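To start, the structure under review is shown below, and the notes come after it.
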Amino acid sequence: MEENEDVPKDFIKLKSEKLSVDEVSELVVSPYCGAVSLFIGTTRNNFEGKKVIHLEYEAYTSMAETEIRKICRDVRKKWPSVKHIAVHHRLGVVPITEASVIIAVSSPHRAESLEAVMYCINTLKASVPIWKKEIYEDEYSWKENKECFWANSEK
Amino acid sequence: MGSGSGLGGGRGSVSVLYFARSAELAGLRCETLSVPREITSLQLWEEIVKVHPRLALIRDQVVFAVRQEYVLLGDQLLVLQPGDEVAIIPPISGG
């Protein structure tokens with residue numbers, strides 16, 4: 001039955017509300033898949049001895065969505081058996097221990113979805129125009145991913 | 001319409017978007033600027049710094065996104081259409 005083949009879909013969302021692991025997992029579940037792999041990026045409460053009060057994220061939203069779509073396209077080239085991909089990223093204020101990003105991938109067998117999730121988060125950190133500000137007690141700091149090739153991390 | 005100095009082609013209006021540290025230094029998030037239509041990415045940076053001198057502080061750490069494609073500051077020749085989006089992109093930290 002052609003219409004029950006569960007056409008592969010990408011679910012991309014940038015939003016300011018709290019992210020839900022249940023919601024993101026359910027998006028990618030498929031009767032044709034035996035594996036759903038998940039990555040959750042959460043916020044730590046300290047950096048170099050300073051207490052982190054919370055994080056704030058901003059994005060070049062239209063370009064961020066386009067870059068995430070490119071990542072999904074590349075995932076499907078590298079792992080053709082991948083079925084659904086979901087990438088949800090939070091914007092605005094993110095309290096400590098809450099999720100800033102959730103990535104879920106489904107595939108018939110586990111190897112592909114596990115590898116694809118790792119590729120998604122690594123590539124997101126290198127190429128998607130989203131910025132994180134860490135708010136401490138007395139100051140704040142714009143973070144720079146080591147994956148970002150135009151950051152001067154050594155200076 | 002006269003031609004711009006050097007590369008020719010006249011001037012046009014582009015939307016400049018500022019993010020993160022660059023928005024703090026420029027004091028705003030977006031504006032329309034008139035720039036030469038044919039310009040290298042480095043020359044475009046210099047035009048923007050004339051308007052917002054404090055941006056010079058981050059010159060070594062930014063790239064552009066022109067029509068949503070990353071462009072390094074350098075000799076790359078840009079051909080800008082009226083209304084094109086040009087974004088200042090400080091080091092990213094998503095995820």
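In the structure tokens, chains take letters A, B, ... by order of appearance, with residues numbered from 1 within each chain and ligands from 1 in the order shown.
In this structure, the chain B residues at most 9 Å away from chain A are B:Leu17, B:Phe19, B:Ala20, B:Arg21, B:Asp60, B:Gln61, B:Val62, B:Val63, B:Ala65, B:Arg67, B:Gln68, B:Glu69, B:Leu72, B:Ala87, B:Ile89, B:Pro90, B:Pro91, B:Ile92, B:Ser93, B:Gly94, B:Gly95, with only C-alpha atoms considered.
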Report the residues of range 16-88 of chain A whose backbone DSSP state falls under helix (DSSP H, G or I), written as a PDB file with N, CA and C atoms, in the first residue's frame.
ATOM      1  N   VAL A  21      10.816  16.564  25.196  1.00  0.00           N
ATOM      2  CA  VAL A  21      11.428  15.353  24.656  1.00  0.00           C
ATOM      3  C   VAL A  21      10.351  14.414  24.114  1.00  0.00           C
ATOM      4  N   ASP A  22       9.224  14.316  24.810  1.00  0.00           N
ATOM      5  CA  ASP A  22       8.131  13.456  24.335  1.00  0.00           C
ATOM      6  C   ASP A  22       7.648  13.907  22.962  1.00  0.00           C
ATOM      7  N   GLU A  23       7.442  15.214  22.834  1.00  0.00           N
ATOM      8  CA  GLU A  23       6.923  15.740  21.573  1.00  0.00           C
ATOM      9  C   GLU A  23       7.895  15.465  20.424  1.00  0.00           C
ATOM     10  N   VAL A  24       9.191  15.720  20.648  1.00  0.00           N
ATOM     11  CA  VAL A  24      10.177  15.567  19.572  1.00  0.00           C
ATOM     12  C   VAL A  24      10.333  14.090  19.196  1.00  0.00           C
ATOM     13  N   SER A  25      10.355  13.206  20.201  1.00  0.00           N
ATOM     14  CA  SER A  25      10.458  11.763  19.898  1.00  0.00           C
ATOM     15  C   SER A  25       9.266  11.290  19.090  1.00  0.00           C
ATOM     16  N   GLU A  26       8.078  11.730  19.506  1.00  0.00           N
ATOM     17  CA  GLU A  26       6.876  11.255  18.819  1.00  0.00           C
ATOM     18  C   GLU A  26       6.825  11.699  17.372  1.00  0.00           C
ATOM     19  N   LEU A  27       7.466  12.843  17.073  1.00  0.00           N
ATOM     20  CA  LEU A  27       7.477  13.315  15.686  1.00  0.00           C
ATOM     21  C   LEU A  27       8.163  12.328  14.760  1.00  0.00           C
ATOM     22  N   VAL A  28       9.205  11.636  15.246  1.00  0.00           N
ATOM     23  CA  VAL A  28      10.017  10.801  14.346  1.00  0.00           C
ATOM     24  C   VAL A  28       9.682   9.321  14.414  1.00  0.00           C
ATOM     25  N   THR A  61      16.884  33.787  12.292  1.00  0.00           N
ATOM     26  CA  THR A  61      15.920  32.684  12.227  1.00  0.00           C
ATOM     27  C   THR A  61      15.777  32.080  10.841  1.00  0.00           C
ATOM     28  N   SER A  62      15.586  32.925   9.848  1.00  0.00           N
ATOM     29  CA  SER A  62      15.341  32.367   8.507  1.00  0.00           C
ATOM     30  C   SER A  62      16.561  31.600   8.013  1.00  0.00           C
ATOM     31  N   MET A  63      17.778  32.145   8.248  1.00  0.00           N
ATOM     32  CA  MET A  63      18.967  31.444   7.787  1.00  0.00           C
ATOM     33  C   MET A  63      19.234  30.191   8.639  1.00  0.00           C
ATOM     34  N   ALA A  64      18.916  30.265   9.940  1.00  0.00           N
ATOM     35  CA  ALA A  64      19.119  29.096  10.804  1.00  0.00           C
ATOM     36  C   ALA A  64      18.263  27.924  10.318  1.00  0.00           C
ATOM     37  N   GLU A  65      17.013  28.212   9.975  1.00  0.00           N
ATOM     38  CA  GLU A  65      16.140  27.136   9.474  1.00  0.00           C
ATOM     39  C   GLU A  65      16.678  26.569   8.164  1.00  0.00           C
ATOM     40  N   THR A  66      17.164  27.453   7.291  1.00  0.00           N
ATOM     41  CA  THR A  66      17.740  26.998   6.023  1.00  0.00           C
ATOM     42  C   THR A  66      18.966  26.124   6.261  1.00  0.00           C
ATOM     43  N   GLU A  67      19.837  26.530   7.177  1.00  0.00           N
ATOM     44  CA  GLU A  67      21.048  25.743   7.450  1.00  0.00           C
ATOM     45  C   GLU A  67      20.683  24.394   8.067  1.00  0.00           C
ATOM     46  N   ILE A  68      19.658  24.357   8.936  1.00  0.00           N
ATOM     47  CA  ILE A  68      19.249  23.074   9.523  1.00  0.00           C
ATOM     48  C   ILE A  68      18.652  22.175   8.438  1.00  0.00           C
ATOM     49  N   ARG A  69      17.913  22.763   7.506  1.00  0.00           N
ATOM     50  CA  ARG A  69      17.397  21.968   6.378  1.00  0.00           C
ATOM     51  C   ARG A  69      18.541  21.364   5.571  1.00  0.00           C
ATOM     52  N   LYS A  70      19.629  22.139   5.380  1.00  0.00           N
ATOM     53  CA  LYS A  70      20.801  21.606   4.659  1.00  0.00           C
ATOM     54  C   LYS A  70      21.400  20.430   5.418  1.00  0.00           C
ATOM     55  N   ILE A  71      21.455  20.542   6.757  1.00  0.00           N
ATOM     56  CA  ILE A  71      21.995  19.440   7.561  1.00  0.00           C
ATOM     57  C   ILE A  71      21.136  18.196   7.361  1.00  0.00           C
ATOM     58  N   CYS A  72      19.813  18.370   7.371  1.00  0.00           N
ATOM     59  CA  CYS A  72      18.916  17.216   7.173  1.00  0.00           C
ATOM     60  C   CYS A  72      19.153  16.585   5.800  1.00  0.00           C
ATOM     61  N   ARG A  73      19.330  17.414   4.795  1.00  0.00           N
ATOM     62  CA  ARG A  73      19.575  16.914   3.435  1.00  0.00           C
ATOM     63  C   ARG A  73      20.879  16.115   3.404  1.00  0.00           C
ATOM     64  N   ASP A  74      21.907  16.631   4.086  1.00  0.00           N
ATOM     65  CA  ASP A  74      23.188  15.922   4.118  1.00  0.00           C
ATOM     66  C   ASP A  74      23.082  14.604   4.892  1.00  0.00           C
ATOM     67  N   VAL A  75      22.305  14.607   5.976  1.00  0.00           N
ATOM     68  CA  VAL A  75      22.083  13.367   6.736  1.00  0.00           C
ATOM     69  C   VAL A  75      21.486  12.306   5.819  1.00  0.00           C
ATOM     70  N   ARG A  76      20.527  12.693   5.015  1.00  0.00           N
ATOM     71  CA  ARG A  76      19.847  11.706   4.153  1.00  0.00           C
ATOM     72  C   ARG A  76      20.762  11.188   3.044  1.00  0.00           C
ATOM     73  N   LYS A  77      21.739  12.024   2.627  1.00  0.00           N
ATOM     74  CA  LYS A  77      22.712  11.532   1.635  1.00  0.00           C
ATOM     75  C   LYS A  77      23.663  10.517   2.296  1.00  0.00           C
ATOM     76  N   LYS A  78      24.094  10.834   3.534  1.00  0.00           N
ATOM     77  CA  LYS A  78      25.080   9.959   4.181  1.00  0.00           C
ATOM     78  C   LYS A  78      24.428   8.687   4.718  1.00  0.00           C
TER      79      LYS A  78
END
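The neighbours of Tyr140 in chain A here are the residues that come within 12 Å of it, using only C-alpha atoms and leaving out any residue fewer than 4 positions away in the same chain; they are Phe47, Lys50, Lys51, Val52, Ile53, His54, Leu55, Glu56, Lys132, Lys133, Glu134, Ile135 and Tyr136 of chain A; Arg21 of chain B.
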### Query
DSSP says strand (DSSP E or B) for which residues of range 32-103 of chain A? Put them as a ChimeraX atom specification?
/A:35-42,46-47,50-59,85-90,92-95,99-103
### Query
range 28-39 of chain B: which residues within 12 Å, counting only C-alpha atoms, same-chain residues fewer than 5 positions away excluded, as number ranges by chain?
A: 58-60; B: 2-23, 44-52, 55, 73-89
### Task
Determine, counting only C-alpha atoms, which protein, DNA and RNA residues have an atom within 9 Å of an atom of Ala35 in chain A; residues of the same chain fewer than 2 positions away are not included. Present the result as a list in words.
Val29, Ser30, Cys33, Ser37, Val105, Ser106, Ser107, Pro108, His109, Arg110, Ala111, Glu112, Ser113 and Leu114 of chain A
Export C-alpha atoms of the chosen residues as a PDB file, in the first residue's frame?
ATOM      1  CA  VAL A  29       8.491   7.508  15.487  1.00  0.00           C
ATOM      2  CA  SER A  30       7.604   5.298  12.520  1.00  0.00           C
ATOM      3  CA  CYS A  33      11.784   2.049  12.206  1.00  0.00           C
ATOM      4  CA  SER A  37      18.027   8.178  18.666  1.00  0.00           C
ATOM      5  CA  VAL A 105      16.309  10.686  14.249  1.00  0.00           C
ATOM      6  CA  SER A 106      14.559   7.455  13.337  1.00  0.00           C
ATOM      7  CA  SER A 107      15.903   4.616  11.188  1.00  0.00           C
ATOM      8  CA  PRO A 108      15.123   0.927  10.687  1.00  0.00           C
ATOM      9  CA  HIS A 109      18.285  -0.129  12.578  1.00  0.00           C
ATOM     10  CA  ARG A 110      20.113   1.716  15.327  1.00  0.00           C
ATOM     11  CA  ALA A 111      23.550   2.444  13.795  1.00  0.00           C
ATOM     12  CA  GLU A 112      22.287   5.010  11.292  1.00  0.00           C
ATOM     13  CA  SER A 113      20.139   7.028  13.689  1.00  0.00           C
ATOM     14  CA  LEU A 114      22.897   7.109  16.328  1.00  0.00           C
TER      15      LEU A 114
END
